[in-house]
$ cat start-v9.txt   # compact mmCIF, N, CA and C atoms
# COMPACT_ATOMS: atom_id res chain seq x y z
N MET A 1 11.48 -80.33 23.55
CA MET A 1 11.37 -78.88 23.68
C MET A 1 12.16 -78.22 22.57
N SER A 2 11.96 -76.95 22.40
CA SER A 2 12.52 -76.24 21.26
C SER A 2 13.94 -75.74 21.48
N GLY A 3 14.54 -76.03 22.59
CA GLY A 3 15.89 -75.58 22.85
C GLY A 3 15.96 -74.17 23.41
N VAL A 4 14.84 -73.55 23.64
CA VAL A 4 14.80 -72.21 24.23
C VAL A 4 14.97 -72.34 25.73
N LYS A 5 15.94 -71.63 26.26
CA LYS A 5 16.18 -71.68 27.70
C LYS A 5 15.49 -70.51 28.37
N ARG A 6 14.77 -70.82 29.44
CA ARG A 6 14.11 -69.78 30.21
C ARG A 6 14.90 -69.54 31.47
N LYS A 7 15.05 -68.28 31.82
CA LYS A 7 15.70 -67.94 33.07
C LYS A 7 14.63 -67.90 34.15
N ARG A 8 14.81 -68.70 35.19
CA ARG A 8 13.85 -68.73 36.28
C ARG A 8 14.55 -68.32 37.56
N ASN A 9 14.08 -67.24 38.13
CA ASN A 9 14.63 -66.75 39.39
C ASN A 9 13.75 -67.23 40.53
N VAL A 10 14.36 -67.89 41.47
CA VAL A 10 13.65 -68.33 42.66
C VAL A 10 14.49 -67.95 43.87
N LEU A 11 13.94 -68.15 45.04
CA LEU A 11 14.69 -67.86 46.25
C LEU A 11 15.91 -68.76 46.32
N ASN A 12 17.06 -68.17 46.67
CA ASN A 12 18.23 -69.02 46.86
C ASN A 12 18.19 -69.63 48.26
N VAL A 13 19.11 -70.52 48.53
CA VAL A 13 19.10 -71.25 49.80
C VAL A 13 19.20 -70.30 50.99
N LYS A 14 20.06 -69.29 50.89
CA LYS A 14 20.22 -68.34 52.00
C LYS A 14 18.91 -67.61 52.28
N GLN A 15 18.23 -67.16 51.22
CA GLN A 15 16.97 -66.45 51.39
C GLN A 15 15.91 -67.36 52.01
N LYS A 16 15.85 -68.61 51.56
CA LYS A 16 14.89 -69.56 52.12
C LYS A 16 15.17 -69.80 53.60
N LEU A 17 16.44 -69.96 53.94
CA LEU A 17 16.79 -70.19 55.34
C LEU A 17 16.42 -69.00 56.22
N GLU A 18 16.66 -67.78 55.72
CA GLU A 18 16.31 -66.59 56.49
C GLU A 18 14.81 -66.54 56.76
N ILE A 19 14.02 -66.87 55.77
CA ILE A 19 12.56 -66.86 55.93
C ILE A 19 12.13 -67.95 56.89
N LEU A 20 12.72 -69.14 56.78
CA LEU A 20 12.37 -70.22 57.69
C LEU A 20 12.77 -69.90 59.13
N GLN A 21 13.92 -69.22 59.30
CA GLN A 21 14.33 -68.83 60.65
C GLN A 21 13.34 -67.82 61.25
N LYS A 22 12.85 -66.90 60.43
CA LYS A 22 11.87 -65.95 60.93
C LYS A 22 10.59 -66.68 61.35
N LEU A 23 10.19 -67.65 60.55
CA LEU A 23 9.00 -68.43 60.90
C LEU A 23 9.23 -69.21 62.20
N ASP A 24 10.44 -69.79 62.35
CA ASP A 24 10.76 -70.51 63.58
C ASP A 24 10.68 -69.60 64.80
N ASN A 25 11.03 -68.32 64.61
CA ASN A 25 11.01 -67.35 65.71
C ASN A 25 9.63 -66.75 65.94
N GLY A 26 8.63 -67.23 65.18
CA GLY A 26 7.28 -66.74 65.37
C GLY A 26 6.97 -65.47 64.61
N GLU A 27 7.86 -65.06 63.72
CA GLU A 27 7.63 -63.85 62.94
C GLU A 27 6.90 -64.21 61.65
N SER A 28 6.25 -63.23 61.07
CA SER A 28 5.59 -63.42 59.78
C SER A 28 6.63 -63.23 58.68
N ALA A 29 6.61 -64.11 57.71
CA ALA A 29 7.60 -64.02 56.63
C ALA A 29 6.96 -63.81 55.28
N SER A 30 5.65 -63.68 55.20
CA SER A 30 5.00 -63.57 53.90
C SER A 30 5.42 -62.30 53.16
N THR A 31 5.50 -61.17 53.85
CA THR A 31 5.91 -59.94 53.17
C THR A 31 7.39 -59.99 52.83
N ASP A 32 8.19 -60.65 53.66
CA ASP A 32 9.62 -60.79 53.36
C ASP A 32 9.82 -61.59 52.08
N THR A 33 9.04 -62.63 51.91
CA THR A 33 9.14 -63.46 50.71
C THR A 33 8.80 -62.63 49.48
N GLU A 34 7.72 -61.85 49.56
CA GLU A 34 7.33 -61.01 48.43
C GLU A 34 8.40 -59.98 48.13
N ASP A 35 8.99 -59.37 49.17
CA ASP A 35 10.03 -58.37 48.98
C ASP A 35 11.24 -58.96 48.28
N VAL A 36 11.67 -60.15 48.72
CA VAL A 36 12.84 -60.79 48.12
C VAL A 36 12.57 -61.11 46.66
N LEU A 37 11.39 -61.63 46.36
CA LEU A 37 11.07 -62.00 44.99
C LEU A 37 10.90 -60.78 44.09
N ASN A 38 10.58 -59.64 44.65
CA ASN A 38 10.35 -58.44 43.86
C ASN A 38 11.58 -57.56 43.74
N GLU A 39 12.73 -58.00 44.21
CA GLU A 39 13.96 -57.21 44.14
C GLU A 39 14.57 -57.30 42.75
N GLY A 40 13.81 -56.96 41.73
CA GLY A 40 14.32 -56.99 40.37
C GLY A 40 14.28 -58.38 39.76
N ASN A 41 13.90 -59.36 40.52
CA ASN A 41 13.79 -60.71 39.99
C ASN A 41 12.35 -60.99 39.63
N THR A 42 12.17 -61.86 38.66
CA THR A 42 10.82 -62.30 38.33
C THR A 42 10.78 -63.80 38.51
N ILE A 43 9.60 -64.29 38.80
CA ILE A 43 9.43 -65.72 39.00
C ILE A 43 8.09 -66.09 38.39
N SER A 44 8.04 -67.22 37.76
CA SER A 44 6.77 -67.64 37.19
C SER A 44 5.83 -68.02 38.31
N GLN A 45 4.55 -67.90 38.04
CA GLN A 45 3.57 -68.23 39.07
C GLN A 45 3.63 -69.71 39.41
N SER A 46 3.87 -70.55 38.43
CA SER A 46 3.94 -71.99 38.73
C SER A 46 5.15 -72.32 39.59
N ALA A 47 6.28 -71.64 39.37
CA ALA A 47 7.46 -71.85 40.20
C ALA A 47 7.21 -71.34 41.61
N ALA A 48 6.52 -70.20 41.72
CA ALA A 48 6.20 -69.66 43.04
C ALA A 48 5.28 -70.61 43.79
N LEU A 49 4.28 -71.13 43.09
CA LEU A 49 3.35 -72.06 43.72
C LEU A 49 4.06 -73.32 44.19
N GLN A 50 4.96 -73.83 43.37
CA GLN A 50 5.72 -75.02 43.75
C GLN A 50 6.57 -74.75 44.99
N SER A 51 7.20 -73.58 45.05
CA SER A 51 8.02 -73.23 46.22
C SER A 51 7.16 -73.11 47.47
N MET A 52 6.00 -72.51 47.33
CA MET A 52 5.11 -72.34 48.48
C MET A 52 4.59 -73.68 48.96
N GLU A 53 4.28 -74.58 48.03
CA GLU A 53 3.80 -75.91 48.43
C GLU A 53 4.90 -76.70 49.13
N THR A 54 6.14 -76.54 48.68
CA THR A 54 7.27 -77.17 49.35
C THR A 54 7.42 -76.61 50.76
N LEU A 55 7.25 -75.30 50.88
CA LEU A 55 7.31 -74.67 52.19
C LEU A 55 6.20 -75.20 53.11
N LEU A 56 5.01 -75.38 52.56
CA LEU A 56 3.90 -75.93 53.35
C LEU A 56 4.23 -77.33 53.86
N ASP A 57 4.82 -78.15 53.00
CA ASP A 57 5.22 -79.50 53.42
C ASP A 57 6.21 -79.42 54.57
N TYR A 58 7.19 -78.55 54.43
CA TYR A 58 8.21 -78.38 55.46
C TYR A 58 7.58 -77.92 56.78
N MET A 59 6.70 -76.94 56.67
CA MET A 59 6.06 -76.39 57.86
C MET A 59 5.22 -77.46 58.57
N GLY A 60 4.54 -78.30 57.78
CA GLY A 60 3.75 -79.37 58.37
C GLY A 60 4.61 -80.38 59.09
N GLN A 61 5.77 -80.69 58.53
CA GLN A 61 6.69 -81.65 59.15
C GLN A 61 7.30 -81.10 60.43
N ARG A 62 7.51 -79.80 60.46
CA ARG A 62 8.15 -79.18 61.62
C ARG A 62 7.17 -78.75 62.68
N GLY A 63 5.88 -78.87 62.43
CA GLY A 63 4.89 -78.51 63.43
C GLY A 63 4.73 -77.02 63.64
N PHE A 64 4.75 -76.26 62.58
CA PHE A 64 4.61 -74.81 62.68
C PHE A 64 3.22 -74.43 63.18
N ASP A 65 3.12 -73.21 63.64
CA ASP A 65 1.87 -72.65 64.13
C ASP A 65 0.81 -72.65 63.03
N TYR A 66 -0.42 -72.94 63.40
CA TYR A 66 -1.53 -72.99 62.45
C TYR A 66 -1.68 -71.67 61.70
N GLY A 67 -1.49 -70.55 62.37
CA GLY A 67 -1.63 -69.25 61.73
C GLY A 67 -0.62 -69.04 60.61
N ASP A 68 0.62 -69.49 60.83
CA ASP A 68 1.63 -69.37 59.78
C ASP A 68 1.30 -70.24 58.58
N ILE A 69 0.85 -71.46 58.86
CA ILE A 69 0.48 -72.39 57.77
C ILE A 69 -0.70 -71.82 56.99
N THR A 70 -1.66 -71.24 57.70
CA THR A 70 -2.82 -70.63 57.04
C THR A 70 -2.38 -69.47 56.15
N ALA A 71 -1.43 -68.68 56.60
CA ALA A 71 -0.94 -67.55 55.80
C ALA A 71 -0.29 -68.04 54.51
N VAL A 72 0.47 -69.12 54.59
CA VAL A 72 1.12 -69.67 53.40
C VAL A 72 0.07 -70.25 52.45
N ARG A 73 -0.93 -70.91 53.02
CA ARG A 73 -2.01 -71.45 52.18
C ARG A 73 -2.74 -70.33 51.44
N LYS A 74 -2.94 -69.20 52.12
CA LYS A 74 -3.59 -68.06 51.48
C LYS A 74 -2.77 -67.55 50.30
N ILE A 75 -1.47 -67.53 50.45
CA ILE A 75 -0.59 -67.11 49.35
C ILE A 75 -0.75 -68.08 48.18
N CYS A 76 -0.81 -69.38 48.47
CA CYS A 76 -1.01 -70.38 47.41
C CYS A 76 -2.32 -70.13 46.67
N VAL A 77 -3.37 -69.84 47.41
CA VAL A 77 -4.68 -69.57 46.80
C VAL A 77 -4.58 -68.33 45.90
N ASP A 78 -3.91 -67.29 46.39
CA ASP A 78 -3.75 -66.07 45.59
C ASP A 78 -2.98 -66.34 44.30
N ILE A 79 -1.95 -67.16 44.39
CA ILE A 79 -1.16 -67.50 43.19
C ILE A 79 -2.02 -68.26 42.20
N ARG A 80 -2.79 -69.25 42.70
CA ARG A 80 -3.68 -70.03 41.81
C ARG A 80 -4.71 -69.13 41.14
N ARG A 81 -5.27 -68.18 41.90
CA ARG A 81 -6.24 -67.25 41.32
C ARG A 81 -5.61 -66.44 40.19
N GLY A 82 -4.39 -65.97 40.42
CA GLY A 82 -3.69 -65.22 39.38
C GLY A 82 -3.43 -66.06 38.14
N MET A 83 -3.06 -67.32 38.36
CA MET A 83 -2.82 -68.22 37.24
C MET A 83 -4.11 -68.47 36.46
N ASN A 84 -5.21 -68.68 37.17
CA ASN A 84 -6.50 -68.90 36.52
C ASN A 84 -6.95 -67.68 35.74
N LYS A 85 -6.73 -66.50 36.31
CA LYS A 85 -7.11 -65.26 35.64
C LYS A 85 -6.33 -65.08 34.34
N GLN A 86 -5.02 -65.33 34.40
CA GLN A 86 -4.20 -65.21 33.19
C GLN A 86 -4.63 -66.23 32.14
N GLN A 87 -4.96 -67.44 32.57
CA GLN A 87 -5.39 -68.47 31.63
C GLN A 87 -6.69 -68.07 30.95
N LYS A 88 -7.63 -67.52 31.71
CA LYS A 88 -8.90 -67.06 31.13
C LYS A 88 -8.65 -65.94 30.13
N GLN A 89 -7.75 -65.02 30.47
CA GLN A 89 -7.44 -63.91 29.56
C GLN A 89 -6.84 -64.43 28.26
N ARG A 90 -5.96 -65.42 28.37
CA ARG A 90 -5.37 -66.00 27.15
C ARG A 90 -6.43 -66.67 26.29
N ARG A 91 -7.38 -67.36 26.92
CA ARG A 91 -8.45 -68.02 26.18
C ARG A 91 -9.31 -67.01 25.44
N VAL A 92 -9.64 -65.91 26.11
CA VAL A 92 -10.45 -64.88 25.48
C VAL A 92 -9.70 -64.28 24.30
N ILE A 93 -8.44 -63.97 24.49
CA ILE A 93 -7.63 -63.39 23.42
C ILE A 93 -7.54 -64.37 22.24
N ASP A 94 -7.29 -65.65 22.54
CA ASP A 94 -7.22 -66.65 21.48
C ASP A 94 -8.55 -66.77 20.74
N PHE A 95 -9.65 -66.70 21.47
CA PHE A 95 -10.97 -66.79 20.86
C PHE A 95 -11.21 -65.60 19.93
N LEU A 96 -10.81 -64.41 20.39
CA LEU A 96 -11.03 -63.21 19.61
C LEU A 96 -10.13 -63.17 18.36
N LYS A 97 -9.02 -63.84 18.40
CA LYS A 97 -8.11 -63.86 17.25
C LYS A 97 -8.64 -64.74 16.11
N GLN A 98 -9.53 -65.64 16.45
CA GLN A 98 -10.03 -66.58 15.42
C GLN A 98 -10.95 -65.91 14.45

$ encode --input "start-v9.txt" --output "structure tokens"
Amino acid sequence: MSGVKRKRNVLNVKQKLEILQKLDNGESASTDTEDVLNEGNTISQSAALQSMETLLDYMGQRGFDYGDITAVRKICVDIRRGMNKQQKQRRVIDFLKQ
């Protein structure tokens, strides 16, 4: 790598635990996750996707409600769509630059 360091903001342990506790209590945490991530912090889509997939693994191991797991899967799909859209835009821009 070129030695360039990227700052990556992700949920800290306390924030993750708060969201997991809400899920354990049967509450929806998807909007809470978005709110925490949007508090002046930025996160790459790939880092967000990785965090959500880790959360899905955890939820599957703990036997969470199907509705909660479905909500997290929907967020993953939305993130992938955004990543694909950005990739297509970069390809078009690169093509037009040639």

$ atom_distance --input "start-v9.txt" --atom1 "atom C of Gly60 (chain A)" --atom2 "atom C of Val13 (chain A)"
19.5 Å

$ closest_residue --input "start-v9.txt" --among "A:Lys85, A:Lys74, A:Lys16, A:Lys22" --to "Thr54 (chain A)" --atoms "only C-alpha atoms"
A:Lys16

$ atom_distance --input "start-v9.txt" --atom1 "atom N of Leu56 (chain A)" --atom2 "CA of Glu18 (chain A)"
14.8 Å

$ axis_aligned_box --input "start-v9.txt" --around "region 50-54 of chain A" --padding-each-side "4 Å" --output "JSON"
{"center_x": 5.9, "center_y": -74.8, "center_z": 47.1, "size_x": 12.2, "size_y": 12.8, "size_z": 15.4}

$ atom_distance --input "start-v9.txt" --atom1 "atom N of Val72 (chain A)" --atom2 "atom N of Asn12 (chain A)"
18.4 Å

$ closest_residue --input "start-v9.txt" --among "A:Leu96, A:Tyr58, A:Arg90, A:Gln50" --to "Cys76 (chain A)" --atoms "all atoms listed in the file"
A:Gln50

$ closest_residue --input "start-v9.txt" --among "A:Leu23, A:Ile93, A:Asp78, A:Gln87" --to "Gly63 (chain A)" --atoms "only C-alpha atoms"
A:Leu23
